[in-house]
Amino acid sequence: MSSVPRSTASSSPPAAAEASIQVRDLNYFFGRGDLRKQVLYTISLDLYPGQIVIMTGPSGSGKTTLLTLIGALRSAQEGSLRVLGQELVGLGNRQLVEIRRNIGFIFQAHNLFESLTAAQNVEMAVELTGNFRGKRKQAVDILGQVGLAERADYKPAQLSGGQKQRVAIARALVNQPQLILADEPTAALDKQSGRDVVTLMQHLAQERGCTILMVTHDNRILDVADRIINLVDGRLESDESPQQFVDSHTPKALDQKMFLM
Amino acid sequence: MKFPSLPRIPLAWYNLRNDRPRLLVAVAGVTFAVLLMFMNLGFLGALVSTTSNFYEQFNGDLFLISPQSLEISSTKAFPRERLYQAAGIEGVKQVMPLYAEYALWKNPETGLSRSMFVYAFNPNDPAFLMPELDTLAKRQALKQPNVAFIDRLSRPEFGPQTVGIETEADRRRVTIVGQYDLGGGFAADGTLIMSDQNFLRYFSPRPLTEVNLGMVLLEPGADPQRVKAALEDHLPADVEIYTKSEIILKESRFWIQTTSIGFIFGLGVLVSFVVGTVIVYQILYTDIRDHLREYATLKAIGYSGSYLFKTVIQEAILLALMGYVPGLILSLGLYTMTVNATAGALPLKMTLFRMVFVFALTVTMCSLSGLISVRKAVTADPAEVFA
């Protein structure tokens, strides 16, 4: 029934760094009773600060489920899931909300409030920290870092797709989270905007030493990853560096959907 | 409108403002509901006051009436001794008997008879406050035999009201010698006022020892409640004592309970309330549905369900405020128009109580819609935004 995932050995932890995400034998089920269906099988995984990790896998493999579990958007049921030093298994809803405030989320759709300007959308995140006085400055600063200083007072409807996604990234980064979770951040963007967005994320990961876990099918950006994890049918299939990943996927084993390099 | 000093981004206001046409529709909906509520309550209040506002013209501080009396036109007479007994109580200045019966009034032009309500009193008593009857000199005319004053507010079917016209009341000659404005409430289509001596002539063999309504005037400075209590102590149980406002309340309560006006206009208010609730619900619900991903995102980045709850309720309250003000202004205009159009017969009056009441209803209405629609936002699954 359960298959042991291939080891996580390929990614050597930076010396003396504590894992920002530590997953041990995590199982997850959807539904209840007769309809109970297991979607994640004994996942074990360590992610370290400064790493950009890309998670790939076919649809329905449980990538998004794992991402939402790590993001404290769902309650973990079995096993152990430590995020930023805090065990998530068994936490209540209120505590999960607290955890989320330390995580930066970037979504496939930008999910910005149309009624708020770019700066205000970012300020919504700053307000969570209780910093009302300096929120405007913080928001404009981070927008400047993503190259949108002049667009701070524009509404999302007046911004291009790439700009909107950059506002969303600014929102995710403004509180300087130690962990950033991203779901297909480049899916809605053209090649150049997509590249800009990941380069930006790469810079920020390096500067601030935060962990970035990204789900993507976008092969154009695989090169920014330090590690690539492959999830199939709820099991961790492989955990490799990008080069290993490319090598191990011989034409015969190539899954066209996920790998068209 | 701007909130420059607010530390928190007023998301509720921005969300509402973002879609101007939708905001306009929502505000128009609330305004409409407010207007309907004001009009229904206005009509109800006006009708209720017409059932009993003739008491305002009765010159009494306290009223004696039989406990078996339902309203002014269906009184059970009580012995006149009760009034004499009451006159002996401290604080009572004067007691005045009032007699009432229906008579058939013949329209002098068409010859058709109709039931007319007749009040009778001793013309020496200052029983009425109407300017045509407020001095002894003006009441002199009533002392002639077979004469009466006629109510200008009587229905036109009773015929001309010109002073000097002669017609028949209960098959006896009668001459109109004066006019006044009183109104018959819900009980009578028209009223007459005559002297007690004439009352004996028209309603023989009814004696004057049986009184329909007793009016008591108090000494200046006497406390009505205290005198009322003293009267209740001294008089037997065949009379009840009311102050003027109490007897007005009793009269209007009778008409609200026994007729359907209370039900009809109460239902009108209820329907307006429901309509308003549905409109606001529709607006809030579509707003939430359109912004569901954004709300879920807020939850994902660490906002709690209670923040979303507050936001939606704030939107609801804002809609209530924005709809109430124009609704109130329009209602005031329509009240004036109605009063003018009915020449004062439907006395729509705005009261502070009604303004507060409708405001409370409006806020309740919007909050209720907010509460119904908020579930969707609060239960928004933050994991959904990753799907």
# chains A, B, ... in the order shown; residues from 1 in each chain; ligands from 1
$ residues_around --residues "Arg195 of chain A" --least-positions-apart "2" --cutoff "12 Å" --atoms "only C-alpha atoms" --output "ChimeraX atom specification"
/A:162,166,185-187,189-193,197-202,218-224
$ closest_atom_pairs --of "segment 212-231 of chain A" --to "segment 55-61 of chain A" --cutoff "8 Å" --atoms "only C-alpha atoms" --output "JSON lines"
{"residue": "A:Leu213", "atom": "CA", "partner": "A:Met55", "partner_atom": "CA", "distance": 7.2}
{"residue": "A:Met214", "atom": "CA", "partner": "A:Met55", "partner_atom": "CA", "distance": 6.0}
{"residue": "A:Val215", "atom": "CA", "partner": "A:Met55", "partner_atom": "CA", "distance": 4.7}
{"residue": "A:Thr216", "atom": "CA", "partner": "A:Thr56", "partner_atom": "CA", "distance": 6.0}
{"residue": "A:His217", "atom": "CA", "partner": "A:Thr56", "partner_atom": "CA", "distance": 6.4}
{"residue": "A:Ile228", "atom": "CA", "partner": "A:Met55", "partner_atom": "CA", "distance": 5.8}
{"residue": "A:Ile229", "atom": "CA", "partner": "A:Met55", "partner_atom": "CA", "distance": 4.8}
{"residue": "A:Asn230", "atom": "CA", "partner": "A:Thr56", "partner_atom": "CA", "distance": 4.9}
{"residue": "A:Leu231", "atom": "CA", "partner": "A:Gly57", "partner_atom": "CA", "distance": 4.9}
$ interface_residues --of "chain B" --to "chain A" --cutoff "10 Å" --atoms "only C-alpha atoms" --output "PyMOL selection string"
chain B and resi 6-19+291-305+381-387
$ write_last_selection --atoms "N, CA and C atoms" --output "mmCIF file, in the first residue's frame"
data_model
loop_
_atom_site.group_PDB
_atom_site.id
_atom_site.type_symbol
_atom_site.label_atom_id
_atom_site.label_comp_id
_atom_site.auth_asym_id
_atom_site.auth_seq_id
_atom_site.Cartn_x
_atom_site.Cartn_y
_atom_site.Cartn_z
ATOM 1 N N LEU B 6 -8.604 57.346 9.020
ATOM 2 C CA LEU B 6 -8.815 55.971 9.462
ATOM 3 C C LEU B 6 -7.540 55.164 9.279
ATOM 4 N N PRO B 7 -7.122 54.498 10.330
ATOM 5 C CA PRO B 7 -5.890 53.729 10.180
ATOM 6 C C PRO B 7 -6.095 52.503 9.294
ATOM 7 N N ARG B 8 -7.246 51.879 9.429
ATOM 8 C CA ARG B 8 -7.494 50.672 8.678
ATOM 9 C C ARG B 8 -8.121 51.019 7.326
ATOM 10 N N ILE B 9 -7.751 50.304 6.297
ATOM 11 C CA ILE B 9 -8.365 50.534 4.995
ATOM 12 C C ILE B 9 -9.846 50.177 5.091
ATOM 13 N N PRO B 10 -10.748 51.133 4.799
ATOM 14 C CA PRO B 10 -12.177 50.831 4.897
ATOM 15 C C PRO B 10 -12.631 49.981 3.706
ATOM 16 N N LEU B 11 -12.292 48.721 3.793
ATOM 17 C CA LEU B 11 -12.550 47.807 2.676
ATOM 18 C C LEU B 11 -14.028 47.781 2.301
ATOM 19 N N ALA B 12 -14.898 47.824 3.334
ATOM 20 C CA ALA B 12 -16.338 47.749 3.071
ATOM 21 C C ALA B 12 -16.757 48.892 2.151
ATOM 22 N N TRP B 13 -16.304 50.103 2.488
ATOM 23 C CA TRP B 13 -16.672 51.282 1.717
ATOM 24 C C TRP B 13 -16.106 51.203 0.309
ATOM 25 N N TYR B 14 -14.828 50.808 0.195
ATOM 26 C CA TYR B 14 -14.221 50.715 -1.129
ATOM 27 C C TYR B 14 -14.921 49.669 -1.992
ATOM 28 N N ASN B 15 -15.273 48.551 -1.371
ATOM 29 C CA ASN B 15 -15.969 47.505 -2.121
ATOM 30 C C ASN B 15 -17.294 48.003 -2.653
ATOM 31 N N LEU B 16 -18.030 48.724 -1.791
ATOM 32 C CA LEU B 16 -19.326 49.247 -2.219
ATOM 33 C C LEU B 16 -19.143 50.258 -3.339
ATOM 34 N N ARG B 17 -18.135 51.125 -3.157
ATOM 35 C CA ARG B 17 -17.944 52.231 -4.083
ATOM 36 C C ARG B 17 -17.425 51.765 -5.433
ATOM 37 N N ASN B 18 -16.793 50.605 -5.427
ATOM 38 C CA ASN B 18 -16.114 50.153 -6.634
ATOM 39 C C ASN B 18 -17.063 49.993 -7.814
ATOM 40 N N ASP B 19 -18.251 49.458 -7.520
ATOM 41 C CA ASP B 19 -19.220 49.241 -8.596
ATOM 42 C C ASP B 19 -20.351 50.256 -8.428
ATOM 43 N N HIS B 291 -16.433 38.559 -5.208
ATOM 44 C CA HIS B 291 -15.157 38.776 -4.531
ATOM 45 C C HIS B 291 -14.730 37.581 -3.708
ATOM 46 N N LEU B 292 -15.353 36.423 -3.971
ATOM 47 C CA LEU B 292 -15.088 35.269 -3.121
ATOM 48 C C LEU B 292 -13.610 34.903 -3.085
ATOM 49 N N ARG B 293 -12.972 34.961 -4.244
ATOM 50 C CA ARG B 293 -11.548 34.613 -4.283
ATOM 51 C C ARG B 293 -10.725 35.602 -3.472
ATOM 52 N N GLU B 294 -11.113 36.880 -3.562
ATOM 53 C CA GLU B 294 -10.385 37.882 -2.788
ATOM 54 C C GLU B 294 -10.587 37.650 -1.296
ATOM 55 N N TYR B 295 -11.839 37.335 -0.922
ATOM 56 C CA TYR B 295 -12.096 37.074 0.494
ATOM 57 C C TYR B 295 -11.313 35.848 0.954
ATOM 58 N N ALA B 296 -11.320 34.810 0.119
ATOM 59 C CA ALA B 296 -10.572 33.607 0.478
ATOM 60 C C ALA B 296 -9.082 33.929 0.592
ATOM 61 N N THR B 297 -8.609 34.808 -0.294
ATOM 62 C CA THR B 297 -7.205 35.212 -0.237
ATOM 63 C C THR B 297 -6.896 35.917 1.073
ATOM 64 N N LEU B 298 -7.827 36.796 1.479
ATOM 65 C CA LEU B 298 -7.617 37.475 2.759
ATOM 66 C C LEU B 298 -7.465 36.462 3.873
ATOM 67 N N LYS B 299 -8.306 35.416 3.828
ATOM 68 C CA LYS B 299 -8.200 34.393 4.864
ATOM 69 C C LYS B 299 -6.863 33.678 4.745
ATOM 70 N N ALA B 300 -6.445 33.433 3.502
ATOM 71 C CA ALA B 300 -5.191 32.711 3.307
ATOM 72 C C ALA B 300 -4.014 33.508 3.848
ATOM 73 N N ILE B 301 -4.052 34.843 3.715
ATOM 74 C CA ILE B 301 -2.895 35.591 4.180
ATOM 75 C C ILE B 301 -2.995 35.901 5.663
ATOM 76 N N GLY B 302 -4.046 35.432 6.321
ATOM 77 C CA GLY B 302 -4.036 35.538 7.774
ATOM 78 C C GLY B 302 -5.167 36.352 8.386
ATOM 79 N N TYR B 303 -6.161 36.764 7.570
ATOM 80 C CA TYR B 303 -7.317 37.426 8.158
ATOM 81 C C TYR B 303 -8.281 36.368 8.674
ATOM 82 N N SER B 304 -8.919 36.673 9.795
ATOM 83 C CA SER B 304 -9.836 35.706 10.382
ATOM 84 C C SER B 304 -11.219 35.873 9.775
ATOM 85 N N GLY B 305 -12.072 34.892 10.012
ATOM 86 C CA GLY B 305 -13.444 34.954 9.516
ATOM 87 C C GLY B 305 -14.177 36.163 10.079
ATOM 88 N N ASP B 381 -13.358 28.922 1.713
ATOM 89 C CA ASP B 381 -12.259 28.028 2.064
ATOM 90 C C ASP B 381 -10.965 28.590 1.499
ATOM 91 N N PRO B 382 -10.044 28.982 2.359
ATOM 92 C CA PRO B 382 -8.813 29.584 1.855
ATOM 93 C C PRO B 382 -8.031 28.615 0.961
ATOM 94 N N ALA B 383 -8.264 27.313 1.133
ATOM 95 C CA ALA B 383 -7.555 26.361 0.288
ATOM 96 C C ALA B 383 -8.061 26.408 -1.154
ATOM 97 N N GLU B 384 -9.280 26.959 -1.309
ATOM 98 C CA GLU B 384 -9.888 27.019 -2.632
ATOM 99 C C GLU B 384 -9.075 27.877 -3.593
ATOM 100 N N VAL B 385 -8.423 28.906 -3.063
ATOM 101 C CA VAL B 385 -7.743 29.822 -3.962
ATOM 102 C C VAL B 385 -6.539 29.162 -4.626
ATOM 103 N N PHE B 386 -6.129 28.036 -4.096
ATOM 104 C CA PHE B 386 -5.030 27.310 -4.717
ATOM 105 C C PHE B 386 -5.536 26.301 -5.735
ATOM 106 N N ALA B 387 -6.866 26.092 -5.742
ATOM 107 C CA ALA B 387 -7.394 25.036 -6.606
ATOM 108 C C ALA B 387 -7.408 25.495 -8.058
#
$ select_by_dssp --residues "segment 48-286 of chain B" --states "strand (DSSP E)" --output "ChimeraX atom specification"
/B:62-65,78-79,92-106,113-121,147-151,166-169,172-180,191-195,210-211,213-218,240-243
$ residues_around --residues "segment 203-205 of chain A" --least-positions-apart "2" --cutoff "12 Å" --atoms "only C-alpha atoms" --output "ChimeraX atom specification"
/A:48-53,104,142,145-146,169-170,172-174,176-181,196-201,207-213,224-226
$ select_by_dssp --residues "segment 189-269 of chain B" --states "alpha helix (DSSP H)" --output "PyMOL selection string"
chain B and resi 196-202+224-234+244-258+261-269
$ atom_distance --atom1 "atom CA of Leu35 of chain A" --atom2 "atom CA of Arg235 of chain A"
20.1 Å
$ residues_around --residues "segment 221-237 of chain B" --least-positions-apart "3" --cutoff "12 Å" --atoms "only C-alpha atoms" --output "PyMOL selection string"
chain B and resi 60-68+78-93+216-218+240-246
$ residues_around --residues "Asp46 of chain A" --least-positions-apart "6" --cutoff "8 Å" --atoms "only C-alpha atoms" --output "ChimeraX atom specification"
/A:8,19-23
$ write_last_selection --atoms "C-alpha atoms" --output "compact mmCIF listing (two decimals), in the first residue's frame"
# COMPACT_ATOMS: atom_id res chain seq x y z
CA THR A 8 15.67 13.26 0.19
CA ALA A 19 14.73 23.10 8.22
CA SER A 20 11.96 25.65 7.71
CA ILE A 21 9.64 22.85 6.66
CA GLN A 22 9.92 19.37 8.10
CA VAL A 23 7.43 16.77 6.93
$ closest_residue --among "B:Met337, B:Ala148, B:Leu361, B:Ala120" --to "Thr167 of chain B" --atoms "only C-alpha atoms"
B:Ala148
$ closest_residue --among "A:Ser80, A:Ser75, A:Gln86, A:Thr42" --to "Phe30 of chain A" --atoms "only C-alpha atoms"
A:Ser75
$ closest_residue --among "B:Val363, B:Lys310, B:Asn53, B:Ile150" --to "Phe186 of chain B" --atoms "only C-alpha atoms"
B:Asn53
$ decode --residues "segment 96-156 of chain A" --atoms "C-alpha atoms" --output "CSV table (one decimal), in the first residue's frame"
chain,number,residue,atom,x,y,z
A,96,LEU,CA,-3.8,28.0,11.7
A,97,VAL,CA,-4.8,31.6,10.9
A,98,GLU,CA,-1.9,32.8,13.1
A,99,ILE,CA,0.6,30.5,11.3
A,100,ARG,CA,-0.5,31.8,7.9
A,101,ARG,CA,0.5,35.4,8.8
A,102,ASN,CA,4.1,34.3,8.7
A,103,ILE,CA,3.8,32.8,5.2
A,104,GLY,CA,3.7,34.6,1.9
A,105,PHE,CA,1.2,33.3,-0.6
A,106,ILE,CA,1.3,33.8,-4.3
A,107,PHE,CA,-1.5,32.4,-6.3
A,108,GLN,CA,-2.1,31.5,-9.9
A,109,ALA,CA,-4.7,34.3,-10.2
A,110,HIS,CA,-3.5,37.5,-8.6
A,111,ASN,CA,-6.6,37.7,-6.4
A,112,LEU,CA,-6.2,41.4,-5.8
A,113,PHE,CA,-9.2,43.5,-4.6
A,114,GLU,CA,-10.4,45.4,-7.6
A,115,SER,CA,-11.7,48.1,-5.4
A,116,LEU,CA,-8.3,48.9,-3.8
A,117,THR,CA,-5.2,50.4,-5.4
A,118,ALA,CA,-2.0,48.4,-5.7
A,119,ALA,CA,-0.6,50.1,-2.6
A,120,GLN,CA,-3.8,49.5,-0.6
A,121,ASN,CA,-3.8,45.8,-1.6
A,122,VAL,CA,-0.3,45.5,-0.2
A,123,GLU,CA,-1.3,47.5,2.9
A,124,MET,CA,-4.0,45.0,3.6
A,125,ALA,CA,-1.2,42.5,4.4
A,126,VAL,CA,0.8,45.1,6.4
A,127,GLU,CA,-2.3,45.8,8.6
A,128,LEU,CA,-2.1,42.2,9.8
A,129,THR,CA,1.1,43.0,11.6
A,130,GLY,CA,-0.6,45.9,13.3
A,131,ASN,CA,1.7,48.5,11.7
A,132,PHE,CA,-0.8,51.1,10.7
A,133,ARG,CA,1.5,54.1,10.8
A,134,GLY,CA,4.2,52.9,8.4
A,135,LYS,CA,2.0,50.7,6.2
A,136,ARG,CA,1.9,53.1,3.3
A,137,LYS,CA,5.7,53.5,3.2
A,138,GLN,CA,6.2,49.8,3.5
A,139,ALA,CA,3.8,49.1,0.7
A,140,VAL,CA,5.4,51.7,-1.6
A,141,ASP,CA,8.9,50.4,-0.8
A,142,ILE,CA,8.1,46.9,-1.7
A,143,LEU,CA,6.2,47.9,-4.8
A,144,GLY,CA,9.4,49.8,-5.8
A,145,GLN,CA,11.3,46.6,-5.4
A,146,VAL,CA,9.1,44.8,-7.8
A,147,GLY,CA,9.4,47.7,-10.2
A,148,LEU,CA,6.0,49.2,-9.7
A,149,ALA,CA,6.7,52.4,-7.7
A,150,GLU,CA,4.9,54.6,-10.2
A,151,ARG,CA,1.9,52.3,-10.2
A,152,ALA,CA,1.3,52.3,-6.5
A,153,ASP,CA,-2.0,54.2,-6.8
A,154,TYR,CA,-3.4,52.3,-9.8
A,155,LYS,CA,-6.2,49.9,-9.4
A,156,PRO,CA,-5.7,46.4,-10.7
